[in-house]
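Below: upload-v9.cif (mmCIF, C-alpha atoms and all ligand atoms)
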```
data_structure
loop_
_atom_site.label_atom_id
_atom_site.label_comp_id
_atom_site.auth_asym_id
_atom_site.auth_seq_id
_atom_site.Cartn_x
_atom_site.Cartn_y
_atom_site.Cartn_z
CA MET Z 203 0.00 0.00 0.00
CA ILE Z 204 1.26 3.50 -0.81
CA ARG Z 205 2.00 5.73 2.18
CA LEU Z 206 1.95 9.45 1.56
CA TYR Z 207 2.47 12.56 3.67
CA ASP Z 208 -0.94 14.19 3.97
CA SER Z 209 -0.32 17.87 4.65
CA SER Z 210 -3.70 18.38 6.30
CA HIS Z 211 -3.19 15.44 8.72
CA ARG Z 212 0.48 16.40 9.01
CA SER Z 213 1.61 12.78 8.96
CA VAL Z 214 2.37 9.93 6.60
CA VAL Z 215 -0.82 7.94 6.05
CA PRO Z 216 -1.66 4.80 4.07
CA LEU Z 217 -3.74 5.57 0.97
CA GLU Z 218 -6.97 3.61 1.00
CA LEU Z 219 -8.27 3.86 -2.53
CA GLY Z 220 -10.91 2.31 -4.77
CA PRO Z 221 -10.39 0.99 -8.30
CA VAL Z 222 -10.73 4.49 -9.78
CA VAL Z 223 -8.57 7.16 -8.15
CA SER Z 224 -9.44 10.81 -8.68
CA LEU Z 225 -6.63 13.35 -8.58
CA TYR Z 226 -6.63 17.11 -9.02
CA SER Z 227 -3.40 19.04 -9.41
CA CYS Z 228 -3.79 22.79 -9.61
CA GLY Z 229 -2.67 23.84 -13.06
CA ILE Z 230 -0.93 26.81 -14.56
CA THR Z 231 -1.92 30.36 -15.31
CA PRO Z 232 -0.76 30.46 -18.93
CA TYR Z 233 1.07 33.78 -19.04
CA ASP Z 234 4.67 32.58 -18.95
CA ALA Z 235 6.64 29.41 -19.69
CA ALA Z 236 6.73 26.44 -17.32
CA HIS Z 237 9.63 26.63 -14.89
CA LEU Z 238 11.20 23.90 -12.79
CA GLY Z 239 8.83 24.52 -9.88
CA HIS Z 240 5.90 23.60 -12.15
CA ALA Z 241 7.73 20.59 -13.53
CA GLU Z 242 8.45 19.31 -10.02
CA VAL Z 243 4.75 19.45 -9.08
CA TYR Z 244 3.46 17.69 -12.20
CA LEU Z 245 6.28 15.14 -12.12
CA THR Z 246 5.33 14.25 -8.53
CA PHE Z 247 1.74 13.60 -9.59
CA ASP Z 248 3.11 11.65 -12.56
CA VAL Z 249 5.20 9.28 -10.44
CA LEU Z 250 2.22 8.72 -8.15
CA GLN Z 251 -0.09 8.02 -11.08
CA ARG Z 252 2.35 5.58 -12.65
CA ARG Z 253 2.56 3.59 -9.41
CA LEU Z 254 -1.23 3.66 -8.94
CA ARG Z 255 -1.64 2.29 -12.47
CA ASP Z 256 1.05 -0.30 -11.76
CA LEU Z 257 -1.11 -1.38 -8.79
CA GLY Z 258 -4.09 -1.77 -11.12
CA HIS Z 259 -5.97 1.46 -10.37
CA GLU Z 260 -7.47 3.63 -13.06
CA THR Z 261 -6.33 7.23 -12.47
CA ARG Z 262 -8.24 10.33 -13.46
CA CYS Z 263 -6.09 13.40 -12.96
CA VAL Z 264 -7.56 16.82 -13.65
CA ARG Z 265 -5.14 19.70 -14.24
CA ASN Z 266 -6.97 22.96 -14.75
CA VAL Z 267 -5.84 25.98 -16.75
CA THR Z 268 -6.47 29.36 -15.09
CA ASP Z 269 -6.92 31.35 -18.26
CA VAL Z 270 -8.55 34.35 -16.59
CA ASP Z 271 -7.07 35.94 -13.46
CA ASP Z 272 -5.14 39.03 -12.37
CA ASP Z 273 -1.76 37.73 -13.60
CA ILE Z 274 -2.76 36.81 -17.14
CA LEU Z 275 -4.82 39.98 -17.59
CA ARG Z 276 -1.89 42.11 -16.39
CA LYS Z 277 0.57 40.38 -18.73
CA ALA Z 278 -1.81 40.60 -21.71
CA ARG Z 279 -2.28 44.32 -21.00
CA THR Z 280 1.51 44.82 -20.90
CA LEU Z 281 2.02 42.93 -24.17
CA GLY Z 282 -0.99 44.56 -25.83
CA VAL Z 283 -2.51 41.20 -26.82
CA HIS Z 284 -5.84 39.51 -26.13
CA TYR Z 285 -5.57 37.42 -22.96
CA LEU Z 286 -6.92 34.31 -24.69
CA ASP Z 287 -4.30 34.61 -27.47
CA LEU Z 288 -1.62 34.79 -24.77
CA ALA Z 289 -3.21 31.78 -23.07
CA ALA Z 290 -3.32 29.72 -26.28
CA GLU Z 291 0.36 30.34 -26.95
CA GLU Z 292 1.46 29.53 -23.40
CA ILE Z 293 -0.76 26.43 -23.11
CA ALA Z 294 0.84 25.03 -26.28
CA ARG Z 295 4.33 25.65 -24.83
CA PHE Z 296 3.38 24.09 -21.53
CA ASP Z 297 1.85 21.01 -23.14
CA ALA Z 298 4.96 20.55 -25.31
CA ASP Z 299 7.26 20.85 -22.26
CA MET Z 300 5.25 18.34 -20.21
CA ALA Z 301 4.97 15.90 -23.13
CA ALA Z 302 8.75 16.12 -23.64
CA LEU Z 303 9.26 15.24 -19.97
CA GLY Z 304 7.13 12.14 -20.61
CA LEU Z 305 4.26 13.00 -18.27
CA VAL Z 306 1.16 10.83 -18.38
CA PRO Z 307 -1.39 13.08 -20.16
CA ALA Z 308 -3.96 14.72 -17.89
CA TRP Z 309 -7.33 12.94 -17.87
CA SER Z 310 -8.90 16.32 -18.31
CA GLU Z 311 -7.45 19.81 -18.72
CA PRO Z 312 -10.41 22.16 -18.34
CA ARG Z 313 -10.06 25.90 -18.70
CA ALA Z 314 -11.55 28.41 -16.30
CA THR Z 315 -13.24 30.26 -19.15
CA SER Z 316 -14.98 26.99 -20.09
CA ALA Z 317 -16.48 26.74 -16.63
CA ILE Z 318 -18.24 30.09 -16.16
CA PRO Z 319 -21.73 28.49 -15.97
CA ASP Z 320 -20.45 25.98 -13.38
CA ILE Z 321 -18.79 28.78 -11.42
CA LEU Z 322 -21.96 30.89 -11.46
CA THR Z 323 -24.00 27.92 -10.23
CA LEU Z 324 -21.53 27.25 -7.43
CA VAL Z 325 -21.38 30.90 -6.32
CA GLY Z 326 -25.20 30.85 -6.17
CA GLN Z 327 -25.11 27.68 -4.08
CA VAL Z 328 -22.59 29.15 -1.63
CA LEU Z 329 -24.83 32.20 -1.22
CA GLU Z 330 -27.91 30.02 -0.70
CA SER Z 331 -26.03 27.97 1.92
CA GLY Z 332 -25.61 31.17 3.97
CA HIS Z 333 -21.81 31.14 3.77
CA ALA Z 334 -21.44 34.13 1.44
CA TYR Z 335 -22.67 37.70 1.02
CA GLN Z 336 -22.85 40.38 -1.63
CA SER Z 337 -21.03 43.66 -1.12
CA GLY Z 338 -19.76 46.38 -3.45
CA GLY Z 339 -20.71 44.45 -6.61
CA ALA Z 340 -18.76 41.38 -5.46
CA VAL Z 341 -19.66 38.14 -3.70
CA TYR Z 342 -17.47 37.16 -0.73
CA PHE Z 343 -17.18 33.96 1.26
CA ASP Z 344 -17.91 34.66 4.93
CA VAL Z 345 -15.17 32.81 6.82
CA THR Z 346 -16.81 33.41 10.22
CA THR Z 347 -19.64 31.05 9.20
CA PHE Z 348 -17.27 28.17 8.50
CA ALA Z 349 -15.83 26.80 11.73
CA ARG Z 350 -13.36 24.52 9.98
CA PHE Z 351 -11.64 27.42 8.16
CA GLY Z 352 -7.95 26.75 8.79
CA SER Z 353 -8.26 22.98 8.95
CA VAL Z 354 -6.18 22.41 5.80
CA SER Z 355 -3.26 24.72 6.59
CA HIS Z 356 -3.47 24.82 10.44
CA PHE Z 357 -2.14 28.38 10.27
CA ASP Z 358 -3.02 30.96 12.92
CA GLU Z 359 -4.89 34.08 11.90
CA ALA Z 360 -1.81 36.33 11.71
CA THR Z 361 -0.11 33.90 9.32
CA MET Z 362 -3.26 33.60 7.22
CA LEU Z 363 -3.57 37.38 6.98
CA ALA Z 364 0.06 37.76 5.92
CA LEU Z 365 -0.29 35.06 3.25
CA ALA Z 366 -3.62 36.42 2.02
CA ALA Z 367 -2.01 39.83 1.55
CA GLU Z 368 0.95 38.28 -0.26
CA HIS Z 369 -1.30 36.35 -2.67
CA GLY Z 370 -3.66 39.12 -3.77
CA GLY Z 371 -6.30 38.43 -1.11
CA ASN Z 372 -6.54 42.15 -0.30
CA PRO Z 373 -7.34 41.90 3.44
CA GLY Z 374 -7.90 45.68 3.58
CA ASP Z 375 -10.81 45.62 1.08
CA PRO Z 376 -13.47 47.81 2.78
CA ASN Z 377 -16.30 45.78 1.24
CA LYS Z 378 -15.36 42.76 3.34
CA ARG Z 379 -16.85 41.94 6.72
CA HIS Z 380 -13.73 40.04 7.82
CA PRO Z 381 -10.23 40.58 6.38
CA LEU Z 382 -9.91 36.86 5.56
CA ASP Z 383 -13.17 36.74 3.58
CA PHE Z 384 -12.35 35.95 -0.01
CA VAL Z 385 -13.85 36.79 -3.38
CA LEU Z 386 -16.09 34.31 -5.19
CA TRP Z 387 -17.22 36.75 -7.88
CA GLN Z 388 -15.89 40.23 -8.59
CA PRO Z 389 -16.72 43.15 -10.88
CA SER Z 390 -14.31 43.44 -13.81
CA LEU Z 391 -12.26 46.57 -14.49
CA PRO Z 392 -13.30 48.45 -17.65
CA ASP Z 393 -10.71 46.73 -19.89
CA GLU Z 394 -11.15 43.27 -18.38
CA PRO Z 395 -13.39 40.46 -19.65
CA ALA Z 396 -16.78 40.31 -17.96
CA TRP Z 397 -19.57 37.74 -17.87
CA GLU Z 398 -23.18 38.50 -17.04
CA SER Z 399 -24.36 37.26 -13.67
CA ARG Z 400 -27.24 37.93 -11.31
CA TRP Z 401 -24.76 39.89 -9.14
CA GLY Z 402 -23.76 42.08 -12.02
CA PRO Z 403 -21.17 41.68 -14.78
CA GLY Z 404 -17.83 40.39 -13.56
CA ARG Z 405 -15.37 37.55 -13.41
CA PRO Z 406 -14.59 34.69 -11.01
CA GLY Z 407 -12.34 34.91 -7.97
CA TRP Z 408 -9.21 32.77 -8.02
CA HIS Z 409 -10.28 29.88 -5.78
CA ILE Z 410 -13.82 29.23 -7.02
CA GLU Z 411 -12.58 27.95 -10.38
CA CYS Z 412 -10.83 24.91 -8.89
CA SER Z 413 -13.83 24.00 -6.72
CA ALA Z 414 -16.22 24.28 -9.66
CA LEU Z 415 -13.96 22.19 -11.90
CA ALA Z 416 -13.18 19.55 -9.27
CA LEU Z 417 -16.87 19.13 -8.43
CA ARG Z 418 -17.83 19.05 -12.11
CA GLU Z 419 -15.12 16.65 -13.26
CA LEU Z 420 -14.53 14.41 -10.23
CA GLY Z 421 -17.56 14.67 -7.94
CA GLN Z 422 -17.97 15.93 -4.38
CA THR Z 423 -14.88 14.27 -2.89
CA VAL Z 424 -11.49 14.14 -4.61
CA ASP Z 425 -9.15 11.34 -3.53
CA ILE Z 426 -5.86 13.23 -3.90
CA HIS Z 427 -5.58 16.96 -4.42
CA GLY Z 428 -2.60 19.24 -4.30
CA GLY Z 429 0.01 21.36 -5.96
CA GLY Z 430 2.93 23.48 -4.86
CA ARG Z 431 3.31 24.05 -1.13
CA ASP Z 432 2.57 27.77 -1.59
CA LEU Z 433 -1.00 26.85 -2.55
CA VAL Z 434 -1.89 25.48 0.90
CA PHE Z 435 -3.04 28.93 1.95
CA PRO Z 436 -5.05 30.70 0.78
CA HIS Z 437 -5.90 28.62 -2.28
CA HIS Z 438 -6.58 25.15 -0.90
CA GLU Z 439 -8.03 26.41 2.37
CA CYS Z 440 -10.52 28.54 0.45
CA GLU Z 441 -11.34 25.80 -2.07
CA THR Z 442 -12.15 23.48 0.81
CA ALA Z 443 -14.33 25.98 2.66
CA GLN Z 444 -16.50 26.93 -0.31
CA SER Z 445 -16.83 23.33 -1.57
CA GLU Z 446 -17.73 21.81 1.79
CA ALA Z 447 -20.10 24.70 2.55
CA VAL Z 448 -22.17 23.55 -0.41
CA THR Z 449 -21.78 19.76 -0.43
CA GLY Z 450 -21.49 19.03 3.30
CA LYS Z 451 -19.01 16.31 2.30
CA PRO Z 452 -15.21 16.17 2.72
CA PHE Z 453 -13.77 17.89 -0.35
CA VAL Z 454 -10.43 16.06 -0.32
CA ARG Z 455 -9.29 12.75 1.20
CA TYR Z 456 -5.52 13.25 0.91
CA TRP Z 457 -3.59 16.49 0.40
CA LEU Z 458 -0.32 16.28 -1.55
CA HIS Z 459 1.90 19.36 -1.44
CA VAL Z 460 5.19 19.67 -3.23
CA GLY Z 461 8.19 21.65 -1.94
CA LEU Z 462 9.44 24.77 -3.66
CA VAL Z 463 12.43 24.89 -5.97
CA GLY Z 464 14.91 27.63 -5.27
CA LEU Z 465 17.80 29.16 -7.14
CA GLU Z 466 20.83 30.75 -5.51
CA GLY Z 467 19.25 31.02 -2.08
CA THR Z 468 15.76 32.24 -2.97
CA LYS Z 469 12.49 30.70 -4.10
CA MET Z 470 12.16 30.50 -7.88
CA SER Z 471 9.36 32.89 -8.72
CA LYS Z 472 8.03 35.04 -11.48
CA SER Z 473 8.16 38.19 -9.41
CA LEU Z 474 11.85 37.71 -8.60
CA GLY Z 475 12.65 36.89 -12.24
CA ASN Z 476 14.93 33.98 -11.25
CA LEU Z 477 13.20 31.24 -13.21
CA VAL Z 478 14.77 28.26 -14.91
CA PHE Z 479 12.50 27.26 -17.78
CA VAL Z 480 11.95 23.64 -18.78
CA SER Z 481 12.04 24.56 -22.48
CA ASP Z 482 15.51 26.12 -22.09
CA LEU Z 483 16.90 23.00 -20.40
CA LEU Z 484 15.38 20.80 -23.09
CA LYS Z 485 17.32 22.69 -25.75
CA ALA Z 486 20.59 21.44 -24.32
CA TRP Z 487 19.72 18.23 -22.47
CA GLU Z 488 17.72 15.14 -23.25
CA PRO Z 489 14.34 15.00 -21.47
CA ALA Z 490 15.23 11.85 -19.50
CA ALA Z 491 18.17 13.70 -17.91
CA VAL Z 492 15.94 16.62 -16.87
CA ARG Z 493 13.44 14.15 -15.45
CA LEU Z 494 16.15 12.32 -13.51
CA ALA Z 495 17.59 15.59 -12.20
CA LEU Z 496 14.18 16.43 -10.70
CA LEU Z 497 13.53 12.92 -9.38
CA GLY Z 498 16.84 13.10 -7.52
CA HIS Z 499 15.16 15.40 -4.97
CA HIS Z 500 12.41 14.28 -2.62
CA TYR Z 501 9.18 16.03 -3.59
CA ARG Z 502 8.30 17.22 -0.11
CA GLY Z 503 11.33 19.28 0.80
CA ASP Z 504 12.35 22.62 -0.65
CA TRP Z 505 15.54 22.39 -2.67
CA GLU Z 506 17.93 24.41 -4.75
CA TRP Z 507 18.40 23.91 -8.46
CA SER Z 508 21.93 23.69 -9.77
CA ASP Z 509 23.24 22.84 -13.24
CA GLY Z 510 25.37 20.21 -11.54
CA ASP Z 511 22.16 18.21 -11.02
CA LEU Z 512 21.83 17.85 -14.79
CA VAL Z 513 25.44 16.84 -15.30
CA ALA Z 514 25.03 14.16 -12.61
CA ALA Z 515 21.69 13.02 -14.07
CA ALA Z 516 23.16 12.64 -17.57
CA ALA Z 517 26.04 10.58 -16.15
CA ARG Z 518 23.57 8.41 -14.22
CA LEU Z 519 21.58 7.80 -17.39
CA GLU Z 520 24.75 6.72 -19.15
CA ARG Z 521 25.57 4.22 -16.37
CA TRP Z 522 22.04 2.84 -16.46
CA ARG Z 523 22.16 2.40 -20.21
CA ALA Z 524 25.28 0.31 -19.83
CA ALA Z 525 23.37 -2.12 -17.57
CA PRO Z 526 21.83 -5.23 -19.15
CA VAL Z 527 18.19 -4.98 -20.26
CA ARG Z 528 16.56 -8.48 -19.95
CA PRO Z 529 13.07 -7.32 -18.94
CA GLY Z 530 10.78 -9.98 -17.52
CA SER Z 531 13.61 -11.91 -15.84
CA GLU Z 532 13.60 -12.78 -12.15
CA ALA Z 533 16.48 -10.40 -11.50
CA ALA Z 534 14.60 -7.57 -13.24
CA ALA Z 535 11.50 -8.28 -11.13
CA ALA Z 536 13.54 -8.06 -7.93
CA VAL Z 537 14.95 -4.67 -8.92
CA THR Z 538 11.48 -3.40 -9.85
CA ASP Z 539 10.12 -4.50 -6.48
CA VAL Z 540 12.74 -2.43 -4.69
CA VAL Z 541 11.73 0.61 -6.78
CA ARG Z 542 8.06 -0.04 -5.92
CA ASP Z 543 8.91 -0.25 -2.24
CA ARG Z 544 10.74 3.10 -2.36
CA VAL Z 545 7.93 4.84 -4.28
CA ASP Z 546 5.35 3.46 -1.84
CA ASP Z 547 7.29 5.05 1.01
CA ASP Z 548 6.06 8.63 0.51
CA LEU Z 549 7.38 8.77 -3.07
CA ASP Z 550 11.02 8.29 -2.09
CA THR Z 551 12.38 8.85 -5.59
CA PRO Z 552 15.97 9.54 -4.40
CA GLY Z 553 15.85 6.11 -2.73
CA ALA Z 554 14.48 4.54 -5.91
CA LEU Z 555 17.27 6.08 -7.97
CA ALA Z 556 19.87 4.84 -5.47
CA ALA Z 557 18.42 1.32 -5.74
CA LEU Z 558 18.65 1.48 -9.53
CA ASP Z 559 22.24 2.77 -9.28
CA GLU Z 560 23.16 -0.17 -7.10
CA ALA Z 561 21.46 -2.65 -9.44
CA ALA Z 562 23.12 -1.14 -12.52
CA ALA Z 563 26.53 -1.24 -10.78
CA SER Z 564 26.10 -4.95 -10.06
CA ARG Z 565 24.96 -5.61 -13.65
CA GLN Z 566 21.32 -6.27 -12.76
CA PRO Z 567 18.66 -5.43 -15.39
CA ILE Z 568 16.97 -2.17 -14.45
CA GLY Z 569 14.72 -1.37 -17.43
CA ASP Z 570 11.37 -2.18 -15.78
CA GLY Z 571 12.26 -0.38 -12.55
CA ALA Z 572 13.37 2.73 -14.43
CA ALA Z 573 10.19 2.60 -16.54
CA LEU Z 574 8.12 2.72 -13.36
CA LEU Z 575 9.67 6.16 -12.81
CA GLY Z 576 8.94 7.09 -16.42
CA VAL Z 577 12.58 6.84 -17.52
CA GLU Z 578 13.31 4.80 -20.64
CA VAL Z 579 16.82 3.38 -20.66
ZN ZN Z 601 -6.45 25.18 -7.71
#
```

Please express what this file holds, its structure, as structure tokens.
Amino acid sequence: MIRLYDSSHRSVVPLELGPVVSLYSCGITPYDAAHLGHAEVYLTFDVLQRRLRDLGHETRCVRNVTDVDDDILRKARTLGVHYLDLAAEEIARFDADMAALGLVPAWSEPRATSAIPDILTLVGQVLESGHAYQSGGAVYFDVTTFARFGSVSHFDEATMLALAAEHGGNPGDPNKRHPLDFVLWQPSLPDEPAWESRWGPGRPGWHIECSALALRELGQTVDIHGGGRDLVFPHHECETAQSEAVTGKPFVRYWLHVGLVGLEGTKMSKSLGNLVFVSDLLKAWEPAAVRLALLGHHYRGDWEWSDGDLVAAAARLERWRAAPVRPGSEAAAAVTDVVRDRVDDDLDTPGALAALDEAAASRQPIGDGAALLGVEV
């Protein structure tokens, strides 16, 4: 059985799953190329899905595309292009990068702009449930009505306020009753896209999109949901509150959060401009080496990218390719079982790579074990 660190339970727990496993990994806002932080998140979900399929489960992984939000509208305004043209271009780049890295294709990749009717329905349901209110042309979730607010992140109020401010939550908005209340629907600025609604023309808040898409695509309870660790609050906390306010059911069974990738001592982020793009690495290195460089770090911790990781990964690939192939043999099965055991232990990919190194060094066939990690040798 797979054991995984559940960030809401704050411990490693065994995954108890049915034949069909639903997963939701928060997707990109398509306004810039995919960087290594993105790749690390989707690769983590990929390794998990490969093992679940190996165990005989069917996996359905939804990865949304946030094609309308503050970031993409700002970038489109700067470039002087239509935001959906910018989105189309960046989605194509992202899909090409992820395909090159050999990721299992998403079961569904819905776009926020495709879900406006679902979002409007859900906002109406949150209002009817008594957990939201209208103010200043917007609809806000009323956090004081939801006692479990904070149960995903376990942060105290001061931490939540600081993070909300950092992530565009605008705690000082005078239309709010409580500074942690968050927007479900908001009026658009004059040059922004707007959809008609019974609360006036506007556009969705950030969090409501993922709830609407998860509920539409996967039902009321998602088995495994997650993304980068910086999404725990406010994004996943808010998703949970608004979803459970309407359904009365647990929104997520297991939370999977991936550590952040840094560069030269700081977090890799758009605002700091210190991004390493997947597409740039793929110009100089083969995809399997990039994949191995990422798998060499455990998903849960934060870590620092260095070009040395790629040099080491390419050398590792070379050593593996020198090992005998012989798939289907008893020796190959033994190596694959060790890889399975490592993956089942909270996705210990560094341990799995070490096991493959050892097997390759002693001339054992490693092809099947490497394939379980999505690496063809
Ligand atoms: Zn999301």

| query | Which residues form the shell of 8 Å around ligand ZN 601 (chain Z) when you count only C-alpha atoms and all ligand atoms, given as a PyMOL selection string? | reply | chain Z and resi 227-229+266+409+411-413+428-429+433+437-438+441

| request: Could you check which of Z:Gly421, Z:Gly338, Z:Gly461, Z:Gly404 is closest to Pro392 in chain Z, using all atoms listed in the file? | output: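 The answer is Z:Gly404, which sits nearest to Pro392 in chain Z.
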
Give me the residues within 9 Å of range 373-382 of chain Z as an mmCIF file with C-alpha atoms, in the frame of the given file, counting all atoms listed in the file and dropping any in the same chain fewer than 3 places off.
```cif
data_model
loop_
_atom_site.group_PDB
_atom_site.id
_atom_site.type_symbol
_atom_site.label_atom_id
_atom_site.label_comp_id
_atom_site.auth_asym_id
_atom_site.auth_seq_id
_atom_site.Cartn_x
_atom_site.Cartn_y
_atom_site.Cartn_z
ATOM 1 C CA GLN Z 336 -22.850 40.380 -1.630
ATOM 2 C CA SER Z 337 -21.030 43.660 -1.120
ATOM 3 C CA GLY Z 338 -19.760 46.380 -3.450
ATOM 4 C CA ALA Z 340 -18.760 41.380 -5.460
ATOM 5 C CA TYR Z 342 -17.470 37.160 -0.730
ATOM 6 C CA PHE Z 343 -17.180 33.960 1.260
ATOM 7 C CA ASP Z 344 -17.910 34.660 4.930
ATOM 8 C CA VAL Z 345 -15.170 32.810 6.820
ATOM 9 C CA THR Z 346 -16.810 33.410 10.220
ATOM 10 C CA GLU Z 359 -4.890 34.080 11.900
ATOM 11 C CA MET Z 362 -3.260 33.600 7.220
ATOM 12 C CA LEU Z 363 -3.570 37.380 6.980
ATOM 13 C CA ALA Z 364 0.060 37.760 5.920
ATOM 14 C CA ALA Z 366 -3.620 36.420 2.020
ATOM 15 C CA ALA Z 367 -2.010 39.830 1.550
ATOM 16 C CA GLY Z 370 -3.660 39.120 -3.770
#
```

| query | Between CA of Tyr456 in chain Z and CA of Val215 in chain Z, what is the spacing in Å? | reply |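 Separation of CA of Val215 in chain Z and CA of Tyr456 in chain Z: 8.8 Å.
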
| Pick from Z:Ala536, Z:Leu458, Z:Ala301, Z:Ile293: nearest to Leu206 in chain Z, with only C-alpha atoms counted? |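 For Leu206 in chain Z, the nearest of the candidates is Z:Leu458.
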
| Nearest to Ala416 in chain Z among Z:Ala573, Z:Ala349, Z:Leu497, Z:Val264, with distances taken over only C-alpha atoms: which residue is it? | Z:Val264

| query | If I put a ball of radius 10 Å at (11.9, 29.2, -9.5) in the file's coordinates, which residues poke into it when counting all atoms listed in the file, written as a count of residues only? | reply | 24

| remark: With distances taken over only C-alpha atoms, the candidate from Z:Ala298, Z:Leu254, Z:Leu483, Z:Ala561 nearest Pro526 in chain Z is Z:Ala561

Put a box with edges along x, y and z around all the listed atoms of range 322-334 of chain Z, pad it by 5 Å on each side, then give me its centre and sizes in Å, one decimal, as lines of an AutoDock Vina configuration file.
```
center_x = -24.6
center_y = 30.7
center_z = -3.7
size_x = 16.5
size_y = 16.9
size_z = 25.4
```
